[in-house]
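> Mind having a look at this structure? Questions to follow.
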Amino acid sequence: MGVTFGPQVCGTLAESCLREWLVADGLGGYAMGTVAGLRTRRYHGLLVLAGATPGQRSMGLAALDPVLVIGEQRVRLASDEWSDGAVDPAGHTLLASFDLSDGVPRWRWAVGGVVLEREIACAAGRPAVAIVHRLLAADRDVRLELTPLCTWRDAHGERFAGGDPAVEAVAGGFEFERRYRVLGPGWQPGGAWWFGARYREEAARGLGEREDLWAAGAFVAQPGVGEAVEVIAAADGEVRGPGSAVAIVAAARARARELVTGARALPAEAALVLAADQFVVSTSNGITVCAGYPWFGEWSRDAMTSYEGLFLATGRSGEGRELLLRAAASISEGMLANTTDSGVPEYNTADATLWFVHAAGRHVACSGDSDLAAAVIGAIDDALEHHLRGTRFGIAVDPVDGLLTQGADGFALTWMDARVGGVPVTPRAGKAVEINALWINALRTASWLAETAGHGGRRGRGRWGALADQAAGSFAARFARRDGRGLLDVVDGPSGDDGAVRPNQLLAVSLPYAPLSERSIVDACRDELLTPLGLRSLAASEPAYHGRHRGAVAERDEAYHQGTVWPWLIGPYVEGALRTGADCSGALDGLLAHVGEWGLCSVSETADGDAPHLASGCPFQAWSVAELLRCVRMVRDGVGRAV
């Protein structure tokens with residue numbers, strides 16, 4: 001149900017600073033860092049609070065640096081890196097172990113006969129984090145000093161010294177700039193800028209790599225063996241609500257057990273069930289999905305693609321139902337907003353609405369919730385009508401063949417949406433293969449939902465079914481490749497047809513109402529795209545292939561969908577293989593092992609196309625987790641064999 005590392009990994013910075021942990025508060029906020037304790041990203045911190053949307057986050061308490069005072073000896077247990085490249089202190093060398101189980105990360109330092117433990121947990125549904133230190137063994141008296149390193153800034157930025165921040169004393173601690181409070185024992189006010197904290201991962205990404213932090217003072221305690229030193233950091237006004245730090249940690253473990261039990265998870269699935277929970281977020285507008293940590297917020301495509309894994313595979317269909325109803329009510333001109341991370345809805349996606357119809361269909365099919373079908377069928381009918389007539393960005397059905405086309409200058413409307421300098425890397429304008437597989441699936445799903453809801457006639461099997469038949473016939477004729485290597489990626493584009501070998505074609509054989517059933521499609525993807533961590537977004541044999549997803553922003557965006565591996569694609573691959581009788585033995589092995597490699601007990605957003613397929617992008621990604629969990633469940637439930 002978790003991962004454990006000993007001193008060899010913990011004490012080797014090259015190993016321990018690459019392995020990241022995350023605990024989420026269920027509101028879009030989180031605490032996050034590395035096994036080493038070294039903050040390698042500007043996003044690493046103990047109290048990161050969500051704003052109006054989950055994607056609008058602010059960094060508060062960056063760290064709580066511990067010092068053990070043993071007699072005359074001061075032992076610094078933190079690991080900090082500075083602008084000159086020095087790592088000082090280097091407390092990771094004293095780590096005896098790191099453990100992440102039941103959703104709670106735990107460190108143990110050993111200094112001679114003294115053993116100190118740290119545990120961190122967020123208060124579920126509250127903007128608060130608990131940091132508990134416990135003295136497990138001591139052959140002499142010890143004192144513990146904890147220095148809060150503070151800031152208040154946008155999570156995507158940095159802050160530098162420029163006058164002292166407003167720090168006010170409160171009972172048991174302090175309040176920082178009227179944004180959050182930190183409470184603990186033996187508070188001793190101080191105040192000084194620590195200059196030049198460095199973030200090596202941001203340097204590698206070509207982004208701001210340093211900032212200054214305010215050391216506010218110190219909490220000081222002299223614990224006995226077995227005693228806990230408790231610190232809570234929380235948004236202003238929330239400190240009293242969560243309870244004691246020890247109680248928050250205990251509640252986090254109890255909640256983890258409840259989630260695993262509620263999902264009826266086998267031991268091998270437990271970590272993925274807990275990982276899925278981190279992406280389910282409650283906002284003032286209702287349930288939503290955080291697409292990935294630490295920098296993504298709400299993205300409707302990701303939420304709907306992830307729906308079955310996050311909600312149905314985990315026994316949380318009630319929360320999922322709320323998400324679907326909220327989505328149905330938000331459709332505008334037949335479209336779901338792509339994202340609200342900028343603060344306003346952006347309707348620049350051709351597939352999010354189609355994924356919503358898929359999610360609604362899977363919800364009703366898996367739960368038998370015919371009331372949900374009745375509640376959303378009107379919105380679905382309206383969305384399909386808008387697609388027939390035409391809506392934003394050239395999204396419209398071609399009346400000649402019934403296929404869905406899309407495209408507008410300067411926009412990339414499919415999931416392959418990277419842009420460099422405002423220019424799409426993979427515009428894919430025209431009739432994209434996965435968009436049309438989703439369109440046919442949506443038409444047939446709408447027909448079935450209408451019947452389930454008791455709606456017949458024009459909006460039942462007759463109309464949508466006839467349109468689906470037309471589109472399916474055209475699909476088979478238009479997307480077939482002459483060389484037998486699967487399907488074309490885009491047809492009828494501005495420059496004609498695009499035969500690049502991409503994984504998008506897998507949706508043509510993996511969706512519930514997939515238009516095709518040819519095993520050759522899966523075979524082509526296996527031969528040219530499959531890796532241990534998912535599927536490449538472009539075959540290595542293609543001239544535009546990029547094998548490494550590294551470097552500055554533009555360099556990474558150029559590679560994002562041009563060969564970079566995407567773990568979420570393992571879902572369509574495995575399901576397509578099981579549906580067509582293709583052999584997918586071992587296809588999940590690498591991803592299941594990856595759960596303990598990078599974003600701990602989770603799955604990364606992307607990886608290099610070239611071996612050894614080093615992880616990249618967000619270390620904690622919703623659809624990566626959701627699709628791996630869905631695949632594991634498919635295998636467990638006897639749909640087929642993939643491990």
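Residue names in the structure tokens use chain letters A, B, ... in the order shown, residue numbers from 1 in each chain, and ligand numbers from 1 in the order shown.
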Tell me, as a short mmCIF file (atom, residue, chain, number, x, y, z; two decimals) with N, CA and C atoms, in the first residue's frame, which residues lie within 9 Å of A:Thr314, counting only C-alpha atoms; anything in the same chain fewer than 3 positions away does not count.

data_model
loop_
_atom_site.label_atom_id
_atom_site.label_comp_id
_atom_site.auth_asym_id
_atom_site.auth_seq_id
_atom_site.Cartn_x
_atom_site.Cartn_y
_atom_site.Cartn_z
N LEU A 259 -11.15 4.76 2.34
CA LEU A 259 -11.17 4.85 0.88
C LEU A 259 -10.83 3.52 0.24
N VAL A 260 -9.84 2.85 0.77
CA VAL A 260 -9.44 1.55 0.22
C VAL A 260 -10.55 0.52 0.42
N GLY A 262 -13.78 1.20 0.82
CA GLY A 262 -14.91 1.59 0.00
C GLY A 262 -14.73 1.23 -1.47
N ALA A 263 -13.47 1.21 -1.91
CA ALA A 263 -13.18 0.85 -3.30
C ALA A 263 -13.07 -0.66 -3.49
N ARG A 264 -13.13 -1.41 -2.39
CA ARG A 264 -12.95 -2.86 -2.44
C ARG A 264 -11.64 -3.20 -3.16
N ALA A 265 -10.61 -2.46 -2.76
CA ALA A 265 -9.32 -2.57 -3.44
C ALA A 265 -8.49 -3.72 -2.89
N VAL A 273 -5.78 3.81 -5.51
CA VAL A 273 -7.04 4.35 -4.98
C VAL A 273 -6.76 5.62 -4.18
N ALA A 276 -5.81 8.39 -6.57
CA ALA A 276 -7.00 8.94 -7.23
C ALA A 276 -7.69 9.97 -6.35
N ASP A 277 -7.71 9.73 -5.06
CA ASP A 277 -8.38 10.64 -4.13
C ASP A 277 -7.77 12.04 -4.16
N GLU A 308 -13.97 7.43 -15.15
CA GLU A 308 -14.22 6.05 -14.74
C GLU A 308 -13.20 5.59 -13.70
N GLY A 309 -11.93 5.94 -13.90
CA GLY A 309 -10.90 5.52 -12.95
C GLY A 309 -11.01 6.23 -11.62
N LEU A 310 -11.30 7.53 -11.63
CA LEU A 310 -11.35 8.30 -10.39
C LEU A 310 -12.60 8.04 -9.57
N PHE A 311 -13.73 7.82 -10.22
CA PHE A 311 -15.00 7.75 -9.49
C PHE A 311 -15.63 6.36 -9.51
N SER A 317 -19.22 6.91 -6.96
CA SER A 317 -20.13 7.36 -8.01
C SER A 317 -21.02 8.51 -7.56
N LEU A 629 -5.42 2.57 -12.99
CA LEU A 629 -6.33 1.89 -12.07
C LEU A 629 -7.46 1.20 -12.83
#
> Extract the full set of strand (DSSP E or B) residues from stretch 392-516 of chain A according to DSSP on the backbone, and format it as a list in words.
Ala396, Val397, Leu404, Thr405, Gln406, Arg419, Val420, Val423, Pro424, Gly430, Lys431, Ala432, Ala480, Leu487, Val490, Val491, Asp492, Gly493, Gly496, Asp497 and Asp498 of chain A
> With distances taken over only C-alpha atoms, which residue among A:Leu533, A:Ala352, A:Glu322, A:Arg630 lies nearest A:Glu575?
A:Arg630
> Tell me, which residues of stretch 41-273 of chain A carry DSSP alpha helix (DSSP H), written as a PyMOL selection string?
chain A and resi 200-204+245-262+267-273
> Hey, which bits of stretch 4-89 of chain A sit within 12 Å of stretch 614-627 of chain A, and for each residue what's the closest pair of atoms and how far apart in Å (one decimal), counting only C-alpha atoms, rows by chain and increasing number, as CSV?

residue,atom,partner,partner_atom,distance
A:Leu18,CA,A:Pro619,CA,10.0
A:Arg19,CA,A:Pro619,CA,9.1
A:Glu20,CA,A:Pro619,CA,7.5
A:Trp21,CA,A:Pro619,CA,9.1
A:Leu22,CA,A:Phe620,CA,8.2
A:Val23,CA,A:Phe620,CA,10.7
A:Ala24,CA,A:Phe620,CA,11.1
A:Tyr30,CA,A:Phe620,CA,11.8
A:Met32,CA,A:Phe620,CA,10.6
A:Gly33,CA,A:Pro619,CA,11.1
A:Thr34,CA,A:Pro619,CA,11.3
A:Arg41,CA,A:Cys618,CA,11.4
A:Tyr43,CA,A:Cys618,CA,11.1
> Next, dump the selected residues to file, keeping only C-alpha atoms, as a compact mmCIF listing (two decimals), in the first residue's frame.

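Just written: result-v5.txt:
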# COMPACT_ATOMS: atom_id res chain seq x y z
CA LEU A 18 14.05 12.85 -7.56
CA ARG A 19 11.38 11.03 -5.55
CA GLU A 20 8.51 13.32 -4.62
CA TRP A 21 5.64 12.95 -2.17
CA LEU A 22 2.28 14.71 -2.07
CA VAL A 23 -0.56 15.09 0.39
CA ALA A 24 -3.65 17.01 -0.75
CA TYR A 30 -1.42 20.51 -0.94
CA MET A 32 4.66 18.47 -1.41
CA GLY A 33 8.38 17.82 -1.39
CA THR A 34 11.09 15.23 -1.89
CA ARG A 41 10.69 23.06 -7.26
CA TYR A 43 6.00 24.49 -5.97
> Please determine, counting only C-alpha atoms, which residue among A:Ala138, A:Ala360, A:Leu116, A:Val129 has the shortest atom-to-atom distance to A:Tyr307.
A:Ala360
> Find the residue from A:Leu538, A:Ala432, A:Ala78, A:Ile331 that sits nearest to A:Pro503; use only C-alpha atoms when measuring.
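Closest to A:Pro503, using only C-alpha atoms: A:Leu538.
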> Closest to A:Arg42 among A:Trp295, A:Gly28, A:Pro267, A:Ala171, using only C-alpha atoms?
A:Trp295
> May I have the residues within 6 Å of stretch 202-214 of chain A as a PyMOL selection string, using only C-alpha atoms and disregarding those fewer than 6 positions away in the same chain?
chain A and resi 41+149-151+158-161+192-196+551-552
> I want to know what sits within 12 Å of A:Ile377, based on only C-alpha atoms, with residues of the same chain fewer than 2 positions away left out; could you give that as a ChimeraX atom specification?
/A:324-325,328-329,356-357,360-361,364,370-375,379-384,442-443,445-456,459-460
> Given the choices A:Ile570, A:Ser541, A:Gly191, A:Ala477, which gets closest to A:Val522 if the distance is worked out from only C-alpha atoms?
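Using only C-alpha atoms, the shortest distance to A:Val522 belongs to A:Ile570.
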